[in-house]
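Asks: Structure incoming, see below.
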Amino acid sequence: MPKKLINALTPLNVKNAKPGRHADGQGLHLLVKESGSRSWVYRYMIRGTSRDVGLGAAGPGGLSLADARDVATALRLKVKAGIDPLAERQEAEAAAIARAQAAKAASVTFRTAADTYIAANEGNWRNDKHRQQWKNTLSTYAYPIIGDLAVADITTGHVLQILEPIWKEKAETASRLRGRIETILDAAKARGHRDGENPARWRGHIAQILPPRAKLTRGHHKALPYEALPGFITRLRMREAVAAKALEFTILTGARSGEVIGALWEEIDLDKAIWTVPAERMKAGKEHRVPLSPRAVQILEATSQFGSKWLFPATRGGKMSSMAMTMLLRRMDVAVTVHGFRSAFRDWAAECTSYAHEVAEMALAHTIENKVERAYRRGDLFEKRRLLMDEWATYCSSGREIDGNEDQSEGLSRPDLSL
């Protein structure tokens with residue numbers, strides 16, 4: 001039976017040992033690499049498996065032979081007690097990592113996570129209004145409740161505390177806010193700042209607590225029947241406010257109110273009667289050319305005297321308020337929305353003209369849903385759309401004339417910019 005090694009090495013052996021593994025006895029080994037580096041290793045047997053656990057460097061700056069023997073003795077006692085030193089070390093390291101991650105997560109608040117997400121993604125958002133809506137809704141509703149909370153600690157209760165007060169009264173805002181919170185928390189999880197399910201997730205989670213938004217909304221935008229358009233336009237032309245001209249221009253072009261309010265003169269070619277709305281201002285993110293009817297051109301020729309970069313400026317310059325046309329409709333006691341005039345145009349095109357469905361859809365800058373048809377239709381049917389919009393303008397102007405003359409451009413010489 002081979003003799004057991006006990007304290008076989010000396011300090012001189014440790015210093016002069018050649019590359020290889022040198023046993024000191026009772027599981028302690030000196031490991032010397034070709035590079036000359038030296039380290040201590042303790043080998044032990046537990047549950048029928050041989051394992052090595054490193055003890056650290058040997059020699060100057062590391063463990064001396066005596067220290068290495070002390071450490072090996074302590075580990076030997078653990079093995080005897082059924083404790084696996086290597087598994088114990090790995091668990092301790094994992095716990096330390098978890099504590100460090102928890103400390104890091106605790107320092108990342110929801111506000112910080114939101115700022116990080118917005119900074120990383122706002123360059124891809126369509127316009128300044130979208131960026132501002134993100135910041136405003138979070139500042140108004142989310143930050144007072146969870147802004148300074150660690151993003152890792154946010155629960156469903158916090159999310160409901162934010163959403164429930166506005167879920168019925170401000171359904172659209174609440175729905176978008178929930179989606180923004182969910183997105184920020186997902187991004188925080190991807191960065192390692194939180195774990196587990198997203199407390200703002202709709203499907204299978206918030207949807208089980210709050211009623212669907214569809215049940216809270218009022219349906220489609222209220223629209224004026226197209227048969228009433230000529231009479232409405234007659235009334236509209238009696239008003240001198242810039243908002244009235246902007247609204248008529250909106251109706252004549254079939255555009256969205258935001259596209260008109262944000263329209264700049266650099267987008268207009270009066271000689272060719274074309275308004276080119278850049279992609280970043282379009283809902284579909286694609287440039288849209290709008291043919292301008294003679295009446296639409298007439299409106300722009302009159303508003304050009306204001307000397308603003310905007311087609312329809314506000315009182316003190318700059319862009320008209322997004323509520324200007326809506327407030328005008330309220331003053332006129334007309335219970336419709338600005339967006340509803342697009343529906344009136346669509347109904348008129350379908351009922352009163354023989355233009356193809358796609359022509360009217362492109363006039364409204366709608367995306368063609370049929371993928372095959374969209375793939376083959378490369379053009380924008382511009383000339384057909386011009387004929388359609390000219391007919392629409394003629395129809396809108398077919399009501400009773402005012403003082404025997406439909407040309408109201410003189411009313412713009414002393415504009416009321418209050419709207």
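Ligands are numbered from 1 in the order shown, chains are lettered A, B, ... in the order of the structure tokens, and residues start at 1 in each chain.
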Name the residues in contact with Phe232 in chain A at a cut-off of 10 Å, using only C-alpha atoms, excluding same-chain residues fewer than 5 positions from it; report them as a short mmCIF file (atom, residue, chain, number, x, y, z; two decimals) with N, CA, C and O atoms, in the first residue's frame.
Replies:
```cif
data_model
loop_
_atom_site.label_atom_id
_atom_site.label_comp_id
_atom_site.auth_asym_id
_atom_site.auth_seq_id
_atom_site.Cartn_x
_atom_site.Cartn_y
_atom_site.Cartn_z
N LEU A 224 -70.63 64.71 -41.30
CA LEU A 224 -71.76 65.39 -41.91
C LEU A 224 -72.16 64.61 -43.16
O LEU A 224 -71.30 64.22 -43.95
N TYR A 226 -72.88 63.77 -46.81
CA TYR A 226 -72.31 64.51 -47.94
C TYR A 226 -73.33 65.41 -48.62
O TYR A 226 -72.99 66.44 -49.22
N GLU A 227 -74.62 65.04 -48.50
CA GLU A 227 -75.65 65.89 -49.12
C GLU A 227 -75.70 67.28 -48.49
O GLU A 227 -76.14 68.24 -49.12
N ARG A 237 -67.94 79.77 -45.73
CA ARG A 237 -67.31 80.87 -46.45
C ARG A 237 -67.76 82.24 -45.96
O ARG A 237 -67.18 83.26 -46.35
N GLU A 248 -61.93 74.59 -44.77
CA GLU A 248 -62.38 74.37 -46.15
C GLU A 248 -61.28 73.69 -46.97
O GLU A 248 -61.55 72.76 -47.75
N MET A 332 -70.06 77.07 -34.84
CA MET A 332 -71.06 76.98 -35.91
C MET A 332 -72.19 76.03 -35.52
O MET A 332 -73.14 75.86 -36.28
N VAL A 334 -72.18 72.79 -35.24
CA VAL A 334 -72.22 71.62 -36.14
C VAL A 334 -71.59 70.45 -35.38
O VAL A 334 -70.40 70.47 -35.07
N CYS A 396 -68.73 70.61 -53.64
CA CYS A 396 -68.75 71.37 -52.39
C CYS A 396 -69.18 72.81 -52.62
O CYS A 396 -69.74 73.45 -51.72
N SER A 397 -68.91 73.34 -53.80
CA SER A 397 -69.24 74.75 -54.11
C SER A 397 -70.60 74.89 -54.78
O SER A 397 -70.93 75.97 -55.26
N GLY A 399 -73.55 74.89 -53.54
CA GLY A 399 -74.63 75.44 -52.73
C GLY A 399 -74.96 76.86 -53.13
O GLY A 399 -74.47 77.42 -54.11
#
```
Asks: Can you list, as an NGL selection string, all residues belonging to range 161-374 of chain A that DSSP tags as strand (DSSP E)?
Replies: :A and (268-269 or 274-277 or 288-291)
Asks: Output N, CA and C atoms for every residue in that selection, as a PDB file, in the first residue's frame.
Replies:
```pdb
ATOM      1  N   ILE A 268     -45.657  73.363 -51.174  1.00  0.00           N
ATOM      2  CA  ILE A 268     -46.656  73.759 -52.164  1.00  0.00           C
ATOM      3  C   ILE A 268     -46.019  74.183 -53.487  1.00  0.00           C
ATOM      4  N   ASP A 269     -46.575  73.698 -54.588  1.00  0.00           N
ATOM      5  CA  ASP A 269     -46.232  74.161 -55.934  1.00  0.00           C
ATOM      6  C   ASP A 269     -47.515  74.696 -56.541  1.00  0.00           C
ATOM      7  N   ILE A 274     -49.980  71.434 -56.813  1.00  0.00           N
ATOM      8  CA  ILE A 274     -49.655  70.192 -56.111  1.00  0.00           C
ATOM      9  C   ILE A 274     -49.150  70.521 -54.704  1.00  0.00           C
ATOM     10  N   TRP A 275     -49.653  69.788 -53.759  1.00  0.00           N
ATOM     11  CA  TRP A 275     -49.176  69.856 -52.377  1.00  0.00           C
ATOM     12  C   TRP A 275     -48.510  68.519 -52.080  1.00  0.00           C
ATOM     13  N   THR A 276     -47.224  68.535 -51.753  1.00  0.00           N
ATOM     14  CA  THR A 276     -46.478  67.304 -51.461  1.00  0.00           C
ATOM     15  C   THR A 276     -46.212  67.220 -49.964  1.00  0.00           C
ATOM     16  N   VAL A 277     -46.893  66.301 -49.307  1.00  0.00           N
ATOM     17  CA  VAL A 277     -46.737  66.130 -47.865  1.00  0.00           C
ATOM     18  C   VAL A 277     -45.596  65.142 -47.624  1.00  0.00           C
ATOM     19  N   HIS A 288     -46.894  61.837 -49.793  1.00  0.00           N
ATOM     20  CA  HIS A 288     -48.216  61.855 -50.431  1.00  0.00           C
ATOM     21  C   HIS A 288     -48.387  63.139 -51.237  1.00  0.00           C
ATOM     22  N   ARG A 289     -48.683  62.985 -52.515  1.00  0.00           N
ATOM     23  CA  ARG A 289     -48.951  64.141 -53.381  1.00  0.00           C
ATOM     24  C   ARG A 289     -50.452  64.393 -53.425  1.00  0.00           C
ATOM     25  N   VAL A 290     -50.822  65.662 -53.211  1.00  0.00           N
ATOM     26  CA  VAL A 290     -52.233  66.041 -53.191  1.00  0.00           C
ATOM     27  C   VAL A 290     -52.509  66.997 -54.344  1.00  0.00           C
ATOM     28  N   PRO A 291     -53.398  66.632 -55.282  1.00  0.00           N
ATOM     29  CA  PRO A 291     -53.758  67.563 -56.359  1.00  0.00           C
ATOM     30  C   PRO A 291     -54.667  68.661 -55.793  1.00  0.00           C
TER      31      PRO A 291
END
```
Asks: When DSSP is applied to the backbone of this structure, which of range 159-310 of chain A are assigned helix (DSSP H, G or I)? Write them out as a short mmCIF file (atom, residue, chain, number, x, y, z; two decimals) with N, CA, C and O atoms, in the first residue's frame.
Replies:
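The resulting file, states-v7.cif, is shown below:
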```cif
data_model
loop_
_atom_site.label_atom_id
_atom_site.label_comp_id
_atom_site.auth_asym_id
_atom_site.auth_seq_id
_atom_site.Cartn_x
_atom_site.Cartn_y
_atom_site.Cartn_z
N VAL A 159 -49.59 49.80 -11.95
CA VAL A 159 -50.12 50.08 -13.29
C VAL A 159 -51.60 50.43 -13.21
O VAL A 159 -52.07 51.38 -13.84
N LEU A 160 -52.35 49.67 -12.43
CA LEU A 160 -53.79 49.94 -12.28
C LEU A 160 -54.03 51.27 -11.58
O LEU A 160 -54.99 51.99 -11.90
N GLN A 161 -53.18 51.61 -10.65
CA GLN A 161 -53.30 52.90 -9.96
C GLN A 161 -53.18 54.06 -10.94
O GLN A 161 -53.81 55.11 -10.78
N ILE A 162 -52.39 53.86 -11.99
CA ILE A 162 -52.22 54.87 -13.04
C ILE A 162 -53.41 54.89 -13.99
O ILE A 162 -53.94 55.95 -14.33
N LEU A 163 -53.85 53.70 -14.40
CA LEU A 163 -54.83 53.60 -15.49
C LEU A 163 -56.28 53.76 -15.06
O LEU A 163 -57.08 54.38 -15.78
N GLU A 164 -56.65 53.19 -13.94
CA GLU A 164 -58.07 53.15 -13.57
C GLU A 164 -58.74 54.52 -13.49
O GLU A 164 -59.89 54.67 -13.95
N PRO A 165 -58.09 55.55 -12.97
CA PRO A 165 -58.77 56.85 -12.89
C PRO A 165 -59.10 57.45 -14.26
O PRO A 165 -60.00 58.30 -14.35
N ILE A 166 -58.40 57.05 -15.32
CA ILE A 166 -58.63 57.68 -16.63
C ILE A 166 -59.13 56.69 -17.68
O ILE A 166 -59.33 57.06 -18.83
N ALA A 171 -60.27 57.27 -22.58
CA ALA A 171 -59.97 55.90 -23.02
C ALA A 171 -58.79 55.83 -23.97
O ALA A 171 -57.91 54.96 -23.83
N GLU A 172 -58.73 56.73 -24.94
CA GLU A 172 -57.65 56.69 -25.93
C GLU A 172 -56.31 56.96 -25.26
O GLU A 172 -55.32 56.26 -25.50
N THR A 173 -56.27 57.99 -24.42
CA THR A 173 -55.03 58.33 -23.72
C THR A 173 -54.59 57.19 -22.81
O THR A 173 -53.41 56.82 -22.77
N ALA A 174 -55.54 56.61 -22.08
CA ALA A 174 -55.21 55.53 -21.16
C ALA A 174 -54.67 54.31 -21.90
O ALA A 174 -53.71 53.67 -21.45
N SER A 175 -55.29 53.99 -23.03
CA SER A 175 -54.83 52.83 -23.81
C SER A 175 -53.41 53.02 -24.32
O SER A 175 -52.57 52.11 -24.24
N ARG A 176 -53.14 54.20 -24.85
CA ARG A 176 -51.78 54.48 -25.35
C ARG A 176 -50.77 54.52 -24.21
O ARG A 176 -49.64 54.06 -24.36
N LEU A 177 -51.18 55.07 -23.08
CA LEU A 177 -50.29 55.14 -21.92
C LEU A 177 -49.92 53.74 -21.45
O LEU A 177 -48.75 53.47 -21.15
N ARG A 178 -50.92 52.85 -21.39
CA ARG A 178 -50.62 51.46 -20.98
C ARG A 178 -49.59 50.83 -21.91
O ARG A 178 -48.64 50.18 -21.47
N GLY A 179 -49.76 51.04 -23.22
CA GLY A 179 -48.81 50.48 -24.18
C GLY A 179 -47.42 51.05 -24.00
O GLY A 179 -46.42 50.33 -24.16
N ARG A 180 -47.33 52.33 -23.66
CA ARG A 180 -46.02 52.95 -23.47
C ARG A 180 -45.33 52.41 -22.21
O ARG A 180 -44.13 52.16 -22.22
N ILE A 181 -46.11 52.23 -21.16
CA ILE A 181 -45.54 51.66 -19.94
C ILE A 181 -45.05 50.24 -20.20
O ILE A 181 -43.95 49.86 -19.78
N GLU A 182 -45.86 49.46 -20.92
CA GLU A 182 -45.46 48.08 -21.24
C GLU A 182 -44.16 48.07 -22.04
O GLU A 182 -43.26 47.27 -21.77
N THR A 183 -44.05 48.95 -23.01
CA THR A 183 -42.85 49.00 -23.85
C THR A 183 -41.62 49.36 -23.03
O THR A 183 -40.54 48.76 -23.19
N ILE A 184 -41.75 50.33 -22.14
CA ILE A 184 -40.62 50.75 -21.31
C ILE A 184 -40.18 49.62 -20.38
O ILE A 184 -38.98 49.37 -20.20
N LEU A 185 -41.15 48.93 -19.80
CA LEU A 185 -40.81 47.82 -18.90
C LEU A 185 -40.18 46.65 -19.66
O LEU A 185 -39.28 45.98 -19.13
N ASP A 186 -40.63 46.41 -20.87
CA ASP A 186 -40.00 45.37 -21.70
C ASP A 186 -38.55 45.73 -22.00
O ASP A 186 -37.66 44.87 -21.95
N ALA A 187 -38.32 47.00 -22.34
CA ALA A 187 -36.96 47.44 -22.63
C ALA A 187 -36.08 47.34 -21.39
O ALA A 187 -34.90 46.97 -21.46
N ALA A 188 -36.66 47.66 -20.23
CA ALA A 188 -35.90 47.57 -18.97
C ALA A 188 -35.53 46.12 -18.68
O ALA A 188 -34.43 45.83 -18.21
N LYS A 189 -36.44 45.21 -18.97
CA LYS A 189 -36.15 43.78 -18.76
C LYS A 189 -35.04 43.32 -19.69
O LYS A 189 -34.14 42.57 -19.30
N ALA A 190 -35.09 43.78 -20.94
CA ALA A 190 -34.05 43.40 -21.92
C ALA A 190 -32.68 43.91 -21.48
O ALA A 190 -31.66 43.29 -21.79
N ILE A 206 -53.88 42.60 -17.98
CA ILE A 206 -54.72 43.78 -17.73
C ILE A 206 -56.09 43.61 -18.35
O ILE A 206 -57.09 44.12 -17.84
N ALA A 207 -56.16 42.89 -19.47
CA ALA A 207 -57.45 42.66 -20.15
C ALA A 207 -58.44 41.91 -19.27
O ALA A 207 -59.66 41.98 -19.49
N GLN A 208 -57.92 41.19 -18.27
CA GLN A 208 -58.80 40.46 -17.35
C GLN A 208 -59.35 41.37 -16.25
O GLN A 208 -60.22 40.95 -15.48
N ARG A 213 -60.99 48.71 -24.58
CA ARG A 213 -61.21 50.11 -24.97
C ARG A 213 -62.32 50.24 -26.00
O ARG A 213 -63.04 51.22 -26.04
N ALA A 214 -62.48 49.24 -26.86
CA ALA A 214 -63.49 49.32 -27.92
C ALA A 214 -64.88 49.54 -27.34
O ALA A 214 -65.75 50.15 -27.96
N LYS A 215 -65.13 49.02 -26.11
CA LYS A 215 -66.44 49.18 -25.50
C LYS A 215 -66.62 50.57 -24.88
O LYS A 215 -67.70 50.93 -24.47
N TYR A 226 -72.88 63.77 -46.81
CA TYR A 226 -72.31 64.51 -47.94
C TYR A 226 -73.33 65.41 -48.62
O TYR A 226 -72.99 66.44 -49.22
N GLU A 227 -74.62 65.04 -48.50
CA GLU A 227 -75.65 65.89 -49.12
C GLU A 227 -75.70 67.28 -48.49
O GLU A 227 -76.14 68.24 -49.12
N ALA A 228 -75.23 67.36 -47.22
CA ALA A 228 -75.28 68.65 -46.52
C ALA A 228 -74.02 69.48 -46.72
O ALA A 228 -73.95 70.62 -46.26
N LEU A 229 -73.03 68.92 -47.42
CA LEU A 229 -71.75 69.62 -47.58
C LEU A 229 -71.87 70.96 -48.31
O LEU A 229 -71.32 71.97 -47.86
N PRO A 230 -72.56 71.03 -49.44
CA PRO A 230 -72.63 72.32 -50.15
C PRO A 230 -73.18 73.45 -49.27
O PRO A 230 -72.66 74.56 -49.26
N GLY A 231 -74.26 73.15 -48.51
CA GLY A 231 -74.82 74.16 -47.63
C GLY A 231 -73.87 74.53 -46.52
O GLY A 231 -73.74 75.71 -46.15
N PHE A 232 -73.15 73.55 -45.99
CA PHE A 232 -72.18 73.83 -44.93
C PHE A 232 -71.05 74.70 -45.46
O PHE A 232 -70.61 75.64 -44.79
N ILE A 233 -70.56 74.41 -46.66
CA ILE A 233 -69.48 75.20 -47.25
C ILE A 233 -69.93 76.64 -47.44
O ILE A 233 -69.16 77.60 -47.23
N THR A 234 -71.20 76.83 -47.85
CA THR A 234 -71.72 78.19 -48.00
C THR A 234 -71.64 78.94 -46.68
O THR A 234 -71.20 80.09 -46.62
N ARG A 235 -72.05 78.29 -45.60
CA ARG A 235 -71.96 78.91 -44.27
C ARG A 235 -70.51 79.15 -43.87
O ARG A 235 -70.18 80.19 -43.29
N LEU A 236 -69.66 78.20 -44.18
CA LEU A 236 -68.26 78.30 -43.80
C LEU A 236 -67.59 79.50 -44.46
O LEU A 236 -66.77 80.18 -43.84
N VAL A 242 -59.03 82.51 -40.17
CA VAL A 242 -58.09 81.62 -40.86
C VAL A 242 -58.50 80.17 -40.65
O VAL A 242 -58.34 79.33 -41.55
N ALA A 243 -59.05 79.86 -39.47
CA ALA A 243 -59.49 78.49 -39.20
C ALA A 243 -60.54 78.04 -40.20
O ALA A 243 -60.60 76.87 -40.58
N ALA A 244 -61.40 78.98 -40.64
CA ALA A 244 -62.44 78.64 -41.63
C ALA A 244 -61.81 78.27 -42.96
O ALA A 244 -62.24 77.34 -43.64
N LYS A 245 -60.78 79.04 -43.36
CA LYS A 245 -60.09 78.74 -44.62
C LYS A 245 -59.35 77.42 -44.51
O LYS A 245 -59.31 76.63 -45.45
N ALA A 246 -58.74 77.18 -43.34
CA ALA A 246 -58.02 75.92 -43.13
C ALA A 246 -58.98 74.75 -43.19
O ALA A 246 -58.67 73.69 -43.77
N LEU A 247 -60.17 74.90 -42.60
CA LEU A 247 -61.14 73.82 -42.61
C LEU A 247 -61.64 73.54 -44.02
O LEU A 247 -61.75 72.37 -44.43
N GLU A 248 -61.93 74.59 -44.77
CA GLU A 248 -62.38 74.37 -46.15
C GLU A 248 -61.28 73.69 -46.97
O GLU A 248 -61.55 72.76 -47.75
N PHE A 249 -60.04 74.12 -46.79
CA PHE A 249 -58.92 73.50 -47.49
C PHE A 249 -58.80 72.03 -47.09
O PHE A 249 -58.55 71.16 -47.94
N THR A 250 -59.01 71.74 -45.82
CA THR A 250 -58.97 70.36 -45.33
C THR A 250 -60.03 69.51 -46.01
O THR A 250 -59.78 68.38 -46.44
N ILE A 251 -61.24 70.06 -46.11
CA ILE A 251 -62.34 69.33 -46.75
C ILE A 251 -62.06 69.11 -48.23
O ILE A 251 -62.25 68.01 -48.76
N LEU A 252 -61.58 70.14 -48.91
CA LEU A 252 -61.36 70.05 -50.35
C LEU A 252 -60.25 69.07 -50.71
O LEU A 252 -60.27 68.46 -51.79
N THR A 253 -59.26 68.92 -49.84
CA THR A 253 -58.13 68.04 -50.14
C THR A 253 -58.30 66.63 -49.56
O THR A 253 -57.53 65.73 -49.89
N SER A 257 -56.46 66.65 -40.44
CA SER A 257 -56.29 68.00 -39.89
C SER A 257 -54.83 68.29 -39.53
O SER A 257 -54.33 69.39 -39.76
N GLY A 258 -54.14 67.29 -38.98
CA GLY A 258 -52.74 67.49 -38.61
C GLY A 258 -51.85 67.78 -39.80
O GLY A 258 -50.88 68.55 -39.70
N GLU A 259 -52.17 67.18 -40.94
CA GLU A 259 -51.39 67.41 -42.15
C GLU A 259 -51.57 68.86 -42.63
O GLU A 259 -50.62 69.48 -43.11
N VAL A 260 -52.78 69.39 -42.48
CA VAL A 260 -53.06 70.77 -42.91
C VAL A 260 -52.46 71.76 -41.93
O VAL A 260 -51.81 72.74 -42.33
N ILE A 261 -52.64 71.52 -40.65
CA ILE A 261 -52.13 72.45 -39.64
C ILE A 261 -50.61 72.56 -39.73
O ILE A 261 -50.04 73.63 -39.55
N TRP A 265 -45.20 76.26 -46.67
CA TRP A 265 -45.24 76.73 -48.05
C TRP A 265 -44.23 75.99 -48.92
O TRP A 265 -44.43 75.86 -50.13
N GLU A 266 -43.16 75.50 -48.34
CA GLU A 266 -42.16 74.78 -49.13
C GLU A 266 -42.71 73.47 -49.70
O GLU A 266 -42.12 72.88 -50.60
N GLU A 267 -43.87 73.04 -49.19
CA GLU A 267 -44.50 71.82 -49.70
C GLU A 267 -45.44 72.10 -50.88
O GLU A 267 -45.95 71.16 -51.50
N ALA A 279 -43.02 62.37 -46.04
CA ALA A 279 -43.31 61.08 -45.38
C ALA A 279 -43.41 61.20 -43.87
O ALA A 279 -44.26 60.56 -43.24
N GLU A 280 -42.54 62.03 -43.27
CA GLU A 280 -42.51 62.10 -41.81
C GLU A 280 -43.78 62.71 -41.22
O GLU A 280 -44.02 62.61 -40.02
N ARG A 281 -44.59 63.37 -42.06
CA ARG A 281 -45.84 63.96 -41.55
C ARG A 281 -47.06 63.14 -41.94
O ARG A 281 -48.18 63.54 -41.65
N PRO A 294 -58.94 74.15 -58.23
CA PRO A 294 -58.86 75.61 -58.39
C PRO A 294 -59.27 76.36 -57.12
O PRO A 294 -58.66 77.37 -56.78
N ARG A 295 -60.31 75.88 -56.42
CA ARG A 295 -60.73 76.56 -55.20
C ARG A 295 -59.66 76.43 -54.11
O ARG A 295 -59.39 77.39 -53.38
N ALA A 296 -59.01 75.26 -54.00
CA ALA A 296 -57.95 75.08 -53.00
C ALA A 296 -56.79 76.03 -53.30
O ALA A 296 -56.22 76.63 -52.39
N VAL A 297 -56.45 76.18 -54.58
CA VAL A 297 -55.39 77.11 -54.97
C VAL A 297 -55.79 78.53 -54.63
O VAL A 297 -54.98 79.34 -54.15
N GLN A 298 -57.06 78.85 -54.86
CA GLN A 298 -57.55 80.20 -54.56
C GLN A 298 -57.40 80.52 -53.08
O GLN A 298 -56.99 81.63 -52.71
N ILE A 299 -57.68 79.56 -52.22
CA ILE A 299 -57.54 79.76 -50.78
C ILE A 299 -56.08 80.04 -50.43
O ILE A 299 -55.76 80.96 -49.67
N LEU A 300 -55.18 79.27 -51.03
CA LEU A 300 -53.75 79.44 -50.72
C LEU A 300 -53.22 80.76 -51.25
O LEU A 300 -52.37 81.40 -50.60
N GLU A 301 -53.66 81.15 -52.41
CA GLU A 301 -53.22 82.44 -52.95
C GLU A 301 -53.62 83.58 -52.00
O GLU A 301 -52.87 84.55 -51.83
N ALA A 302 -54.78 83.44 -51.38
CA ALA A 302 -55.23 84.47 -50.45
C ALA A 302 -54.45 84.42 -49.14
O ALA A 302 -54.05 85.45 -48.60
N THR A 303 -54.18 83.22 -48.62
CA THR A 303 -53.48 83.12 -47.33
C THR A 303 -51.99 83.41 -47.45
O THR A 303 -51.32 83.63 -46.44
N SER A 304 -51.46 83.42 -48.68
CA SER A 304 -50.04 83.69 -48.85
C SER A 304 -49.67 85.10 -48.40
O SER A 304 -48.51 85.38 -48.09
N GLN A 305 -50.67 85.99 -48.34
CA GLN A 305 -50.40 87.38 -47.94
C GLN A 305 -50.02 87.49 -46.47
O GLN A 305 -49.50 88.52 -46.03
N PHE A 306 -50.23 86.44 -45.69
CA PHE A 306 -49.90 86.51 -44.27
C PHE A 306 -48.40 86.52 -44.03
O PHE A 306 -47.93 86.87 -42.95
#
```
Asks: So, counting only C-alpha atoms, which residue among A:Leu65, A:Leu77, A:Ala17, A:Ala92 is closest to Trp40 in chain A?
Replies: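 Going through A:Leu65, A:Leu77, A:Ala17, A:Ala92 one by one, the smallest distance to Trp40 in chain A is for A:Leu65.
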Asks: What separation in Å, quoted to one decimal, exists between CA of Ala152 in chain A and CA of His193 in chain A?
Replies: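 Computed distance, CA of Ala152 in chain A to CA of His193 in chain A, equals 6.1 Å.
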Asks: Neighbours of Ile6 in chain A within 7 Å (only C-alpha atoms; same-chain residues fewer than 4 positions away dropped), as a compact mmCIF listing (two decimals) with C-alpha atoms, in the first residue's frame?
Replies:
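Now in result.txt:
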```txt
# COMPACT_ATOMS: atom_id res chain seq x y z
CA ASP A 24 1.93 18.10 -0.91
CA GLY A 25 -0.41 15.49 0.52
CA GLN A 26 -3.98 15.28 1.85
```
Asks: Write out as a list in words which residues come within 9 Å of Arg342 in chain A when counting only C-alpha atoms, dropping same-chain ones fewer than 3 positions away.
Replies: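 Near neighbours after the sequence-gap exclusion: Ala223, Thr250, Ile251, Gly254, Ala255, Arg256, Val338, His339, Phe345, Arg346, Asp347 and Leu364 of chain A.
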Asks: Using only C-alpha atoms for the distances, tell me which of A:Pro199, A:Lys384, A:Tyr117, A:Trp125 is nearest to His158 in chain A.
Replies: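 Among A:Pro199, A:Lys384, A:Tyr117, A:Trp125, it is A:Pro199 that comes nearest to His158 in chain A.
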Asks: Give me, please, the distance in Å between CA of Ala100 in chain A and CA of Ala87 in chain A, quoted to one decimal.
Replies: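 Here the two named atoms are 19.9 Å from each other.
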Asks: Determine, counting only C-alpha atoms, which protein, DNA and RNA residues have an atom within 9 Å of an atom of Asp380 in chain A; residues of the same chain fewer than 2 positions away are not included. Present the result as a list of chain:residue names.
Replies: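 The filter keeps A:His288, A:Arg289, A:Val359, A:Met362, A:Ala363, A:Arg377, A:Arg378, A:Phe382, A:Glu383, A:Arg385.
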Asks: Between CA of Arg386 in chain A and CA of Gly285 in chain A, what is the distance in Å, rounded to a tenth?
Replies: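 These atoms are spaced 21.9 Å apart.
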